[in-house]
Structure formats: structure tokens, C-alpha cells
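Here is the structure we will look at.
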Amino acid sequence: MNLLYEKYAAEIKHILAKYPADQKRSAVMPLLYLAQQEQGYIQKQDLQMIAEILDISATDVGSIVGFYTLYHDHPGGKHRLQVCNDLPCALRGADEFLEKLCENLGVQVGETTPDGLVTIEAVMCLAGCDRAPLFQVQDAEGIRYYENQTVETALQLVEHWRSDGATPAPSPLGLRAGQEKSSTPLPDETVTGLSAEVRDETASDTAATETQETD
Amino acid sequence: MAQLISLMIDDKPVKVPEGTLIVNAAKKVGIDIPVFCYHPKMEPVGMCRMCLVEIGRPQIDRETRKPVLDEQGNPVIQFGPKLETACTTPVSEGMVVMGMSDKVKKGRQDILEFLLTSHPLDCPICDKGGECPLQNLTMEHGPGVSRFLYDEKMHLAKHYPLGDLILLDRERCIQCGRCVRFQDEIVGEPVIGFEQRGRSLQIETFSDPGFDSYYSGNTTDICPVGALTTTDFRFGARPWELKPVASVCSQCPVGCNITYNIRREARAGGRYVIKRVLPRQHEEVNEIWICDKARFAGYQYAESPERLTRPMLRRNGELVESSWDEALQVVAERFKAATGGLVTYAGGRLSNEDLFNLKQLTEGLKGQAILKSSIGGGVLVAQMGVAKGTDLGKLGAGDAILVIASDLQEEAPIWWLRVKQAADRGATLIVVNPRQTRLDRFATHTLRYDYGSETATVLAMINALESKKTRLPDWLAKYRPNRFQTAAAKAFAGAKNGIILFGQEGMDLPRSQELALACANLLFLTDHLGSPNNGLIGVWESANTQGAWDMGFRPSTELKEMFSSARAVYVVAADPAGDDPSLADALEQSEFVVVQELFLTSTARLADVVLPVTAQPEREGTYTTGERRVQRFFPAIPAPGGVIPDYEIAARIGERSGLKMENRAASLVFAQLAARVSDYEGLSYRSLAETHEQWPIIGRDDLYYGGTAYENTQGLGVQLMPSSQKRKIFQVNWQEPPVRVSGKGLLGVPITRLYDRGATVTPSRSLASRVPGPFILVNETTAQKLDMHNDAPVQLMLAGSAYSAMLRVDTAVPESVVLVPRSLGIPLSELQPVDIRVAETTPA
């Protein structure tokens, strides 16, 4: 009985088709992402079900969840605001940014605001060291990057969510970036590396889902 | 032979084969390069950085491609700007390695300082303290003080259960990954892994059940800190209080070399007790690994309070204690009076010395020596077994291994491991079973057959062979090979070396004899006999079943008739009444029953005389493995007062019956045995105790390198020559298997599970939670037909009797087949029709 497979048979087949049959374990990341969309985090039974689909051990699946900040193993708020505080970011004030942001929201790192709106997390490298402080937001709309942020802009974003869009949203490229790099505001630049790939994939997966549904 | 490379390590010249890693080249000349993550049995990963050394290479002139020479004519050596890892760098010609320079010393200090930033200083209560690589290497290479803040140490779980047998201390773990790599690379069961990353990295399992592997205990041997501990030894003793005693595992025919660690204990009245079992290196048998049954069940039975310690005689229907003199006198008189009517029924857990004396006694009294075994073919293995010099660890690309009728991981876990690793090295692995087993994943060819047609499958493979050395009998033609059988047969025939292991799956005596013969013929026709790494291996049910065959014991299909008509039955290390109630009835009918045992078994309860014996860790002797290697074990702990070794009891009965027999020492019995049993000619306890240096070098002061497995200083044993090796010409016999008609309905099939209710397993405290109650296995379709679900309590109807069991659903079981594990309470010994009923919920 594989509930995940039963529920998302078409999506899973679509994902598996992208990888050679003898290397289907490579599909573990998109499958985890798929499973995560159910509850906003990955549950223990999801590991077992993905392991079954890919013919690998549940432990192999589980180690990936912990490694990537993309995945969550416990429930969080509606929006996850993930701040990188690795060394280069810390040199550009990420630690201070994170501390002040938490102070303003009245939570500790890793905690969710009492209204369940935002979870603040410290994460490993987001591949934007020169644009720190930066964070990524994960929510129902996907993953977005916010670079060159200040505590004020971050709070503005939270306020934007809290007011359900009534207050203006801050620029994802931040104030300084807008001034310094206005000539090259390439949208592609805002997403890099792995997250970009996964985002692209999930975007196309969503597209596939939609087509399936219209069928 | 790979090309030899010359290099200098710490001013010592070294010559090693191409591809050798620097750390191993150094070890070969006695130079220690400390490591944590590197292990000689696994691929290097270079994670811990402890092995950093300075490496210089000769400067090469780009034009002439020759080394640049200095004024003195010596090659100019160019050192890299950074330290390099000795565990991942292979040697190269003219290399100069500096492992003692100031730069290297500083590097080691820094790495240790890092490793210790959050390591707890709980060495005084840590099980590893005293044999801990981290502790030892810190003493030798550490900085002495740390610049890190003590207050910022991480505090993590101290007793995290990864499984029923293994606990993890997360503070002590240094993330070397040896345990994770062992399970992944060596065992192929990645049930533990790394979770999180950076400073949060830790060992975790997400599998269900958790760290549930038959090899899990080995991770505690190779763990370089006290992070992984067994529930068995945890807080049990300090390593420096323990004395090592060499032994051989008594649980299966692999014959893993082990070491008992013993110490005196107040709670045992000041006597020596066994505190733990560790592997003892034997690269041709078990390398440095043992299974969890060896580690956790191998000795605890000896300490059981249920042990028999006094002889007992039946008086007025009751078993009452008696003196040895009286008991032996009664037995000797009755045996003598039985003239020709004596049946000696012995189990394969006895040593060669016991079996030899029992055979002498039985022969002297013109009785029959019967072996407790449900599989046959031991004589064939003596003739066509693997040749002297065989080492499963040497098989690889170009060789082939055929495993038939065996769930090998359940029957002989270390053979499973060695066969799996041979397949990893490129050997062709042919797995022939009626259902999927854990070995299938590593197989080149997987063949299926219906239960009962294992011999037909081998005969079909023989038919598929092209070159035929001998005229095949006409009846063979009807066994037509399918294309899978043909492909497998050709692969086996084309291999340089070929070994066949035949096992216990669905086997009874006649079937396995037919199968062994067919396998022997396949080996003969494919020229896989008489030379090392070729031949037949019987996956027997006991440690010394092969020895029993060699000593002249033979199994019988006529047990019931034999017992009921015997004038005296002498049951040694076996429990026929417990195995099969109909044998209990037969024993009741016999005139006189003597049981020689450790425990008051079902058979002992109905005996006229019960004789208590010493347990294997309390005495010395030899076992012959399935690969026919004769190995010694030594006394580790004192026997309880009043018990005597089996060989001595047999000899004393013999003397009282007027036979001349040796009772003084096992070594003297072995000397007689070597003089009388031709295959054992020339062997002595001294020759069995010979050793030679093995690679990797482990078990010395450098515990960081190989782990806590012991070096083998007490003997590697001697592998016997099968007759096919002594004289190359061999006569092949053919026997047409009889046609058996299978009935309709459900077919009951006996299978083997590693953790069963054997006499020496049940008393194990550590394994108590792992040994299941009676259960049976069916597939989903069969369960649906029966209208039953997983974990339902059922009654198995077998030959008119009902047995309670749990029904488990397993997709690998063929349809309409009911798998019944042996030694778990249901006496199924052959393929037999069975029926399943709903268990009555409310007992009357």
C-alpha cells in the first residue's frame, strides 16, 4: 500500500521518466518535494513510501531531507523565512540581521510566530554571499529569494503577508541592489544552483499536474 | 602481479605494489600514520583529515620526461604547499613521505583540537576507554589544551537506540562514517546514514525496524570512539580488565574465529565469566567480521541457570540426581546388554573429539551412529568439497558462485557477506531459489523453481552444457533447460573457478542428497573440482555437521523405526522429542534412553538417564567447517562443578563396557582421530595452532587502524583436501530422482531463520527481543484466499495436529506455499501438505 504513489501516480511517473530506469534513485529529490507539498513538511511515512518507489532504503531518503534546507521534517508557519548565516553572509551582517529580525518578531531561530504566519530559520549557503543579508522564502507559492535585505524590509514583507497583501511588498532585490545594480536586474540572477533547478522542475511538474487535471 | 613501486616513508625505503595507498604502505613497514575514517576493509574517503602528511614527488623535466637531478646526482623532490591525506593518495615512484615533520605534527594537533571541540570528556565511564583510538591518538598526537570554549560544547543524546542491539552516544560520535560505510559498502544494507550537515551532522536511521541488520555488532568494533555500543557489553567491564581467549563460533558451519573476553566477577562468586565476543581475524574464513548471532548468542547459554549439573537416573518414574559412577555404570551395563541394538543420535554442535569417541563407542558395541541432520550430501562434500587453499575472499571477476536452495543470509550470514563481496568484485553470482532472498539483489543470474524441483533445475543446467565430458544417462534428456537456465549454466561452465553452495531451503534428507549429487555432477562436468576455489559447500544446520560426517555419522530417514525398535538410544546434543512429537512417541517405545545434554530438553524429560555436559566455551576441541577447515577452540571459562565433556563421558562408558578408549584430554583423542580418519591424517593440535601474518595487520597496538577485532595468534586451522584434490580422476555417479506427486492445497515448506529457538539461542538475553514466536509466511494472494490478514493468530494443521502461529504476509512467498521456520515450535521437516485455520479466540 503506497498512498503517495496512489495519490500522485501521474506525477511520479512523469518524474521517474526523466531518469534512466537503472538510476531511478536520482528521482529522490523531486519526489521528496512532491511529498512535502501535502503537509508543508515531510512525514516519516513519506520516507518509507519514497524508498519503496525508488527501491532504496528509507534511511537513504531520510539523510537527504536533513541535508537540504529545501526540505522540512517538522511543521512550520505559512511562510518559511530562511536566512543564510554562513561565514561570508555573517561578515556582511547576516547574524545581526537574523538576531534583530527575531527580536522584532518575538521568536527564536527555528520558531514560528504565534499566529502561525512565519517560521524563521537559519540555513546553510544560499549561493548569494555578495548580496547578504539574504533569505529565501518557502511557502505555497514556491521559493523566492530576497537579497540585500534590512530588518525593515524583512518586517515590511511580514507585514505584507499579515495584512493579506494590503500593505506593499518590498523589492526582492533589496534597496542597495536596486541602486547599485539597477542596470542588470536579471531575474535569472536571483535564483542559482540547486534551488533554481528544483524550482524549475517543480514549476514544470505543476504544469504537468495542471495538464493532467484538465485531462 | 602489479608492478612494484619504490618510495621513502620517514627515511625508510618501501616497495609496494602499484595502487597501494600511502597509509597501507607505511603500515607494511611498521610506520603508524594515524587515521579515524580510513579502514583497510573499506574505500578511502578522506573525511577526518587525521592522516595528513607531507608528500614530495620527484621533479620531472618537461622536455626529457626524466627526473631532475641535483648536484650530487640525487633527484630533486618537490613538496606540495599543503599537507595531503595519506589514506586517499596512492604511492608513486620516487615519492618521499614525511609523517613526522613539524608541519605534520602541527596538522595532527589541529585536527585533534577540532575533533575534541565538542567531544565529551567522559572517558572514565566510556566503554571504549582503554581501547579508544581517539583517546590513544590524542595522548600521542594531541595538543594537550584546547582554545575552544568549554561552555559552547554541544550537548546531545547520550543513549540513542539505533536498534534493539546498538546504542548511539551522539556526543561521542566524530562523524567518521565508518559504520555508515560498513553497512552500505560491505553489507549492502544502508539502514544507518548521515542526517543534517555541518556541525549538526549525526548518525540516524529512518528504516523500520531501525538498525536491524545481522551484522550490526561489527560497527561497534570499527567505531573509533565510544559512540556505538552494544546492549550486551555496555557498561559491562573496562577493556583492560579483560583477558582474550581464542575460540570458534558454534552457531553455524562458517566457523568464524572469535575471541571471548573474560574477567573474574564478584557476582559470579569470583569465577571467570565471558563479558563479550569479538571477531578474531581469519582472512580466509570471516576476515574481521562476525554476525550478531555469534556475538550475542554465542556464549550466554553457558551461563544459564537452567544448565544441568548432576547426572540423573529414573527411579520409580522420576528423574533423580545420582553420582557419575552410578549413572555411568547403569548406562554401560544397558548399552552392553543392548548388543547391536544401540542407536547413537548426535547433533552437529559436538566437537570432532566427541563425535570420534561416540563413534568408537557405538562401533565397539555394534550400534548405529546417526547424525541429526535434515540435509544430506556430507560424503559428497568430503569427496568433492572445496579444495585446500580455497578462500571466498579471493573470488572475483572471472569466477562463479552458485547458491541453490538456500536463504544464505539466514543460514550462514558470513558466507552471505563473503559471497556478496565476491559479486561486488565481479564474480558471476547465480542464485537459484524458489523465492526472492536478500542475495538476489547482487546476483548476475537469478533462477526460480517450484519447491521440490531444485534437482530438476540443476539437471536442466547440466543438459544445457555444450562440452560433455562423459556420456549422460538417457533419462536426463527430459530435463530441458529454459533460456535462463542455459545462460546461467554457460556462465558457470565458462568461469575460471566455480563454487556451489547448497542449503536448507525446503530440504529434507532424500531431496538434499539428490540435489548434492546433481551439484557435484555439475561441478565435475564444468571442471570445477580438485583445485582451490572450486567445489561443493554444504550449508549445514550446525557448526560441526561436516565433522560428524567425516567421523562416520550418517543421517537417517528411518528415525522413528530406529528409535522405537532400539534396545538403547543414546541422544547427544540433540532434542528429537522437542523437534518432532512423533519421535517422542518412538523414544517412549524404546527400551532405554540416555540423553547427554546442557539443558533438560523434551527428550531429556523422557530419558532413563540424563548426563550433564560442559558447554563449548568451557572446554577445548575442534570443529570442521563447511569449507572443511579444521579449527581449534580453547577453554575460556570454568565449567560448573559436576559436568564432563562429551568425549570423556563416551570414553568412560566405553571403558566400562570393555572398550579401550581415550578419556584424558581432547588433544589425545584428536591424536587417535588423526591416526584413524584418513582425511585428518597428519593433523595435530600443534599444526592447527599455526599462524602466519595476515593482511590487513590488525589487533595490535594500532586499534585506530582495523578496530577492536583480535589478531589471530592461536591458529588458523587446516583446510582438508577433498578426495577430488588428492586424485584428479573422479568417478561420476548418476541417480535419477524419483517422481514425487505433489498434492493439492497448501504446501508447507521448512525454511531456516537465523534467530530461532535453538538450545543455545533461547538463553541469550540480548537476542530475547529478536527471537520471534512461532510464525508462518504466506503471500498476499494466499492470505486473501484464506481471508486472513497480516499478524493474524492462526492454527497450522499439520499431520493431524494443530499448532498456534502468527500469520505473516510476505510478497516473496510463492502462491499456495506456507513457509514454516525450523526450530520455532512447528515440527515441519519436509515438504508436506498443510492447512491453516483461524485461531480460536477464546480458549475453553
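Identifiers in this document derive from the order of the C-alpha cells: chains are assigned A, B, ..., residues are numbered from 1 separately in each chain, and ligands are numbered from 1 in order of occurrence.
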
**Request:** Name the residues in contact with Thr59 in chain A at a cut-off of 12 Å, using only C-alpha atoms, excluding same-chain residues fewer than 4 positions from it; report them as a ChimeraX atom specification.
**Result:** /A:44-52,55,63-66 /B:162,180,183-184,189-195,203-212

How would the residues just chosen look if you wrote them out with C-alpha atoms as a JSON list (two decimals), in the first residue's frame?
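Result written to again-v2.json:
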```json
[["chain", "number", "residue", "atom", "x", "y", "z"],
["A", 44, "LYS", "CA", 8.13, 9.65, 8.39],
["A", 45, "GLN", "CA", 5.80, 7.51, 6.32],
["A", 46, "ASP", "CA", 6.70, 9.56, 3.24],
["A", 47, "LEU", "CA", 10.30, 8.37, 3.58],
["A", 48, "GLN", "CA", 9.19, 4.76, 3.58],
["A", 49, "MET", "CA", 6.90, 5.27, 0.59],
["A", 50, "ILE", "CA", 9.55, 7.09, -1.45],
["A", 51, "ALA", "CA", 12.08, 4.40, -0.52],
["A", 52, "GLU", "CA", 9.68, 1.78, -1.85],
["A", 55, "ASP", "CA", 13.96, 0.76, -4.29],
["A", 63, "SER", "CA", 19.52, 11.63, 5.04],
["A", 64, "ILE", "CA", 18.63, 13.85, 2.08],
["A", 65, "VAL", "CA", 15.84, 15.57, 3.97],
["A", 66, "GLY", "CA", 18.24, 16.66, 6.69],
["B", 162, "LEU", "CA", 19.61, 2.88, 16.71],
["B", 180, "VAL", "CA", 27.56, 4.06, 7.68],
["B", 183, "GLN", "CA", 26.51, -1.05, 6.26],
["B", 184, "ASP", "CA", 26.46, 0.46, 2.78],
["B", 189, "GLU", "CA", 22.08, -2.68, 3.72],
["B", 190, "PRO", "CA", 22.23, 1.10, 4.18],
["B", 191, "VAL", "CA", 19.97, 1.24, 7.22],
["B", 192, "ILE", "CA", 22.02, 3.87, 9.03],
["B", 193, "GLY", "CA", 23.04, 7.15, 7.42],
["B", 194, "PHE", "CA", 24.09, 10.73, 8.00],
["B", 195, "GLU", "CA", 21.45, 13.28, 8.77],
["B", 203, "ILE", "CA", 24.07, 9.25, 12.54],
["B", 204, "GLU", "CA", 20.42, 8.34, 12.17],
["B", 205, "THR", "CA", 18.18, 5.60, 10.92],
["B", 206, "PHE", "CA", 14.86, 6.10, 9.20],
["B", 207, "SER", "CA", 14.38, 2.44, 8.45],
["B", 208, "ASP", "CA", 11.68, 0.41, 10.13],
["B", 209, "PRO", "CA", 12.75, -1.51, 12.16],
["B", 210, "GLY", "CA", 15.79, 0.70, 12.79],
["B", 211, "PHE", "CA", 19.34, -0.60, 12.76],
["B", 212, "ASP", "CA", 18.20, -4.15, 12.18]]
```

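For Ala639 in chain B, the set of protein, DNA and RNA residues having any atom at most 8 Å away, when counting only C-alpha atoms and skipping those fewer than 2 positions along the same chain, is Thr614, Ala615, Glu618, Arg619, Ile637, Gly641 and Val643 of chain B.
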
Using C-alpha atoms, can you write the selected residues to a file as a compact mmCIF listing (two decimals), in the first residue's frame?
```txt
# COMPACT_ATOMS: atom_id res chain seq x y z
CA THR B 614 30.37 -28.97 29.61
CA ALA B 615 29.47 -26.15 27.24
CA GLU B 618 34.29 -24.35 28.94
CA ARG B 619 36.38 -26.90 27.10
CA ILE B 637 35.58 -20.16 31.49
CA GLY B 641 31.11 -28.49 39.07
CA VAL B 643 29.78 -31.67 34.32
```

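For the choices A:Gln156, A:Gln37, A:Ser26, A:Gln43, the atom-to-atom distance to chain B is smallest for A:Gln43 when using only C-alpha atoms.
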
**Request:** Using only C-alpha atoms, find the one residue out of B:Pro13, B:Pro58, B:Gly198, B:Pro827 that sits nearest to chain A.
**Result:** B:Gly198

**Message:** Please extract the residues of range 6-36 of chain A with a backbone DSSP assignment of alpha helix (DSSP H) and present them as a ChimeraX atom specification.
**Reply:** /A:6-7,9-16,28-36

**Exercise: Pro143 in chain B partners within 12 Å, only C-alpha atoms, chain neighbours under 5 positions left out, as a ChimeraX atom specification** = /B:105-116,137-138

Quick one: write out the picked residues with all heavy atoms as a tab-separated table (two decimals), in the first residue's frame?
```tsv
chain	number	residue	atom	x	y	z
B	105	LYS	N	53.07	17.28	12.50
B	105	LYS	CA	52.69	17.22	13.92
B	105	LYS	C	51.68	18.31	14.24
B	105	LYS	O	50.71	18.09	14.97
B	105	LYS	CB	53.93	17.38	14.80
B	105	LYS	CG	54.77	16.11	14.86
B	105	LYS	CD	55.98	16.31	15.76
B	105	LYS	CE	56.91	15.12	15.67
B	105	LYS	NZ	58.24	15.40	16.21
B	106	LYS	N	51.93	19.51	13.69
B	106	LYS	CA	51.02	20.63	13.93
B	106	LYS	C	49.64	20.33	13.32
B	106	LYS	O	48.61	20.59	13.93
B	106	LYS	CB	51.63	21.90	13.30
B	106	LYS	CG	50.81	23.16	13.52
B	106	LYS	CD	50.90	23.62	14.97
B	106	LYS	CE	50.22	24.95	15.23
B	106	LYS	NZ	48.80	24.99	14.97
B	107	GLY	N	49.69	19.74	12.12
B	107	GLY	CA	48.43	19.38	11.45
B	107	GLY	C	47.61	18.43	12.31
B	107	GLY	O	46.41	18.60	12.48
B	108	ARG	N	48.26	17.42	12.86
B	108	ARG	CA	47.56	16.44	13.69
B	108	ARG	C	46.99	17.09	14.95
B	108	ARG	O	45.87	16.78	15.36
B	108	ARG	CB	48.51	15.31	14.09
B	108	ARG	CG	48.79	14.37	12.94
B	108	ARG	CD	49.83	13.34	13.29
B	108	ARG	NE	50.16	12.59	12.09
B	108	ARG	CZ	51.25	11.86	11.95
B	108	ARG	NH1	52.14	11.78	12.93
B	108	ARG	NH2	51.47	11.21	10.82
B	109	GLN	N	47.81	17.97	15.54
B	109	GLN	CA	47.32	18.67	16.75
B	109	GLN	C	46.05	19.45	16.44
B	109	GLN	O	45.09	19.42	17.20
B	109	GLN	CB	48.40	19.64	17.25
B	109	GLN	CG	49.51	18.95	17.97
B	109	GLN	CD	50.45	19.93	18.66
B	109	GLN	OE1	50.27	21.14	18.53
B	109	GLN	NE2	51.43	19.42	19.37
B	110	ASP	N	46.06	20.12	15.28
B	110	ASP	CA	44.91	20.95	14.92
B	110	ASP	C	43.67	20.10	14.68
B	110	ASP	O	42.58	20.44	15.11
B	110	ASP	CB	45.22	21.79	13.68
B	110	ASP	CG	46.22	22.90	13.99
B	110	ASP	OD1	46.50	23.11	15.19
B	110	ASP	OD2	46.73	23.53	13.05
B	111	ILE	N	43.87	19.00	13.98
B	111	ILE	CA	42.72	18.13	13.70
B	111	ILE	C	42.14	17.59	15.00
B	111	ILE	O	40.93	17.59	15.22
B	111	ILE	CB	43.12	16.97	12.76
B	111	ILE	CG1	43.50	17.50	11.37
B	111	ILE	CG2	42.00	15.94	12.64
B	111	ILE	CD1	42.39	18.20	10.62
B	112	LEU	N	43.01	17.15	15.90
B	112	LEU	CA	42.52	16.62	17.17
B	112	LEU	C	41.82	17.71	17.99
B	112	LEU	O	40.81	17.45	18.64
B	112	LEU	CB	43.66	15.99	17.96
B	112	LEU	CG	44.01	14.58	17.48
B	112	LEU	CD1	45.35	14.12	18.03
B	112	LEU	CD2	42.92	13.59	17.86
B	113	GLU	N	42.37	18.91	17.93
B	113	GLU	CA	41.73	20.00	18.66
B	113	GLU	C	40.31	20.23	18.14
B	113	GLU	O	39.37	20.42	18.91
B	113	GLU	CB	42.57	21.28	18.52
B	113	GLU	CG	42.17	22.37	19.50
B	113	GLU	CD	43.01	23.62	19.36
B	113	GLU	OE1	43.94	23.63	18.53
B	113	GLU	OE2	42.72	24.59	20.09
B	114	PHE	N	40.19	20.14	16.80
B	114	PHE	CA	38.87	20.28	16.19
B	114	PHE	C	37.93	19.16	16.60
B	114	PHE	O	36.79	19.38	16.99
B	114	PHE	CB	38.99	20.26	14.66
B	114	PHE	CG	38.98	21.62	14.05
B	114	PHE	CD1	39.99	22.04	13.22
B	114	PHE	CD2	37.91	22.49	14.29
B	114	PHE	CE1	39.97	23.31	12.66
B	114	PHE	CE2	37.88	23.75	13.73
B	114	PHE	CZ	38.93	24.16	12.91
B	115	LEU	N	38.44	17.91	16.50
B	115	LEU	CA	37.59	16.76	16.83
B	115	LEU	C	37.11	16.81	18.28
B	115	LEU	O	36.04	16.33	18.61
B	115	LEU	CB	38.35	15.44	16.61
B	115	LEU	CG	38.57	15.04	15.16
B	115	LEU	CD1	39.44	13.80	15.08
B	115	LEU	CD2	37.23	14.75	14.48
B	116	LEU	N	37.94	17.42	19.13
B	116	LEU	CA	37.61	17.44	20.54
B	116	LEU	C	36.81	18.67	20.96
B	116	LEU	O	36.49	18.82	22.13
B	116	LEU	CB	38.88	17.35	21.38
B	116	LEU	CG	39.64	16.02	21.26
B	116	LEU	CD1	40.98	16.10	21.95
B	116	LEU	CD2	38.83	14.88	21.83
B	137	LEU	N	45.14	8.31	20.26
B	137	LEU	CA	45.79	9.24	19.34
B	137	LEU	C	45.88	10.63	19.95
B	137	LEU	O	46.81	11.39	19.65
B	137	LEU	CB	45.06	9.28	17.99
B	137	LEU	CG	45.13	7.97	17.18
B	137	LEU	CD1	44.40	8.12	15.86
B	137	LEU	CD2	46.56	7.54	16.94
B	138	THR	N	44.93	10.99	20.80
B	138	THR	CA	45.02	12.28	21.49
B	138	THR	C	46.22	12.29	22.43
B	138	THR	O	46.97	13.26	22.51
B	138	THR	CB	43.73	12.58	22.26
B	138	THR	OG1	42.65	12.60	21.33
B	138	THR	CG2	43.79	13.93	22.95
```

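Candidate residues B:Pro821, B:Pro833, B:Gly317, B:Gly188 were compared for distance to chain A, and the nearest is B:Gly188, using only C-alpha atoms.
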
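The nearest approach to Lys78 in chain A among the residues A:Leu117, A:Cys125, A:Ile12, A:Val109, with only C-alpha atoms taken into account, belongs to A:Leu117.
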
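If you look at CA of Asp399 in chain B and CA of Phe524 in chain B, they are 15.9 Å away from each other.
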
**Item:** Shell around Gly642 in chain B at 12 Å using only C-alpha atoms, local window under 3 positions removed, as number ranges by chain
**Value:** B: 307-312, 321-325, 598, 611-614, 638-639, 645, 649

**Prompt:** So which one's closest to Leu3 in chain A, A:Leu105, A:Ile53, A:Leu70, A:Leu16? Using only C-alpha atoms, please.
**Reply:** A:Ile53

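Of the listed residues (B:Leu767, B:Ala792, B:Met47, B:Val569), B:Leu767 comes nearest to Thr231 in chain B; the distances count only C-alpha atoms.
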
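CA of Ala302 in chain B is found 27.4 Å from CA of Ser684 in chain B.
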
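Excluding Glu111 in chain A and any residue on its chain fewer than 3 positions from it, the residues at most 8 Å away by only C-alpha atoms are Gly76, Val107, Gln108, Thr119, Ile120 and Glu121 of chain A.
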
**Message:** Excluding Tyr146 in chain A and its own-chain neighbours fewer than 5 positions away, which residues fall within 9 Å of it when counting only C-alpha atoms? Please give them as a ChimeraX atom specification.
**Reply:** /A:133-137,154,170-174,190

Within 8 Å of range 356-367 of chain B, counting only C-alpha atoms, which residues qualify if same-chain residues fewer than 4 places away don't, as an mmCIF file with N, CA and C atoms, in the first residue's frame?
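Saved as selection_7.cif:
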```
data_model
loop_
_atom_site.group_PDB
_atom_site.id
_atom_site.type_symbol
_atom_site.label_atom_id
_atom_site.label_comp_id
_atom_site.auth_asym_id
_atom_site.auth_seq_id
_atom_site.Cartn_x
_atom_site.Cartn_y
_atom_site.Cartn_z
ATOM 1 N N PHE B 335 23.955 -50.525 27.759
ATOM 2 C CA PHE B 335 24.486 -50.464 26.386
ATOM 3 C C PHE B 335 25.070 -51.818 25.993
ATOM 4 N N LYS B 336 25.793 -52.414 26.932
ATOM 5 C CA LYS B 336 26.435 -53.687 26.646
ATOM 6 C C LYS B 336 25.367 -54.748 26.406
ATOM 7 N N THR B 339 23.522 -55.168 22.903
ATOM 8 C CA THR B 339 24.250 -55.837 21.801
ATOM 9 C C THR B 339 23.627 -55.649 20.422
ATOM 10 N N GLY B 340 24.157 -54.682 19.737
ATOM 11 C CA GLY B 340 23.697 -54.442 18.375
ATOM 12 C C GLY B 340 22.437 -53.599 18.299
ATOM 13 N N GLY B 341 21.793 -53.397 19.422
ATOM 14 C CA GLY B 341 20.551 -52.628 19.404
ATOM 15 C C GLY B 341 20.725 -51.202 19.865
ATOM 16 N N LEU B 342 21.975 -50.716 19.881
ATOM 17 C CA LEU B 342 22.238 -49.336 20.322
ATOM 18 C C LEU B 342 22.148 -48.371 19.140
ATOM 19 N N VAL B 343 21.421 -47.283 19.355
ATOM 20 C CA VAL B 343 21.378 -46.212 18.349
ATOM 21 C C VAL B 343 21.930 -44.939 18.996
ATOM 22 N N THR B 344 23.032 -44.420 18.479
ATOM 23 C CA THR B 344 23.578 -43.160 18.975
ATOM 24 C C THR B 344 23.145 -42.055 18.028
ATOM 25 N N ASN B 352 34.746 -32.618 17.041
ATOM 26 C CA ASN B 352 35.245 -33.813 16.375
ATOM 27 C C ASN B 352 35.653 -34.877 17.384
ATOM 28 N N MET B 551 33.494 -38.059 10.714
ATOM 29 C CA MET B 551 33.745 -39.055 11.761
ATOM 30 C C MET B 551 32.905 -40.316 11.550
ATOM 31 N N GLY B 552 32.082 -40.313 10.536
ATOM 32 C CA GLY B 552 31.335 -41.533 10.217
ATOM 33 C C GLY B 552 29.881 -41.524 10.626
ATOM 34 N N PHE B 553 29.370 -40.415 11.110
ATOM 35 C CA PHE B 553 27.939 -40.324 11.424
ATOM 36 C C PHE B 553 27.153 -40.082 10.138
ATOM 37 N N TYR B 647 33.276 -36.067 25.035
ATOM 38 C CA TYR B 647 34.199 -37.132 24.624
ATOM 39 C C TYR B 647 34.599 -37.998 25.814
ATOM 40 N N ALA B 650 31.730 -40.382 26.806
ATOM 41 C CA ALA B 650 31.687 -41.515 25.874
ATOM 42 C C ALA B 650 32.808 -42.505 26.197
ATOM 43 N N ALA B 651 34.003 -41.971 26.493
ATOM 44 C CA ALA B 651 35.139 -42.839 26.770
ATOM 45 C C ALA B 651 34.920 -43.642 28.051
ATOM 46 N N ILE B 653 32.053 -44.493 29.405
ATOM 47 C CA ILE B 653 31.063 -45.549 29.159
ATOM 48 C C ILE B 653 31.748 -46.698 28.424
ATOM 49 N N GLY B 654 32.589 -46.320 27.453
ATOM 50 C CA GLY B 654 33.316 -47.323 26.665
ATOM 51 C C GLY B 654 34.172 -48.208 27.541
ATOM 52 N N LEU B 659 35.707 -51.466 26.363
ATOM 53 C CA LEU B 659 36.444 -50.937 25.205
ATOM 54 C C LEU B 659 37.611 -50.102 25.694
ATOM 55 N N MET B 661 39.411 -46.821 25.374
ATOM 56 C CA MET B 661 39.183 -45.500 24.784
ATOM 57 C C MET B 661 39.920 -44.399 25.543
ATOM 58 N N GLU B 662 40.157 -43.296 24.839
ATOM 59 C CA GLU B 662 40.920 -42.183 25.413
ATOM 60 C C GLU B 662 39.978 -41.227 26.131
ATOM 61 N N VAL B 669 42.574 -37.444 22.227
ATOM 62 C CA VAL B 669 41.532 -38.025 21.380
ATOM 63 C C VAL B 669 41.789 -37.611 19.938
ATOM 64 N N LEU B 673 42.214 -39.749 16.556
ATOM 65 C CA LEU B 673 41.362 -39.436 15.415
ATOM 66 C C LEU B 673 42.207 -39.232 14.153
#
```

**Request:** Would you please extract all strand (DSSP E or B) residues from range 613-698 of chain B, as assigned by DSSP on the backbone, and give them as a ChimeraX atom specification?
**Result:** /B:613,621-624,629-633,644
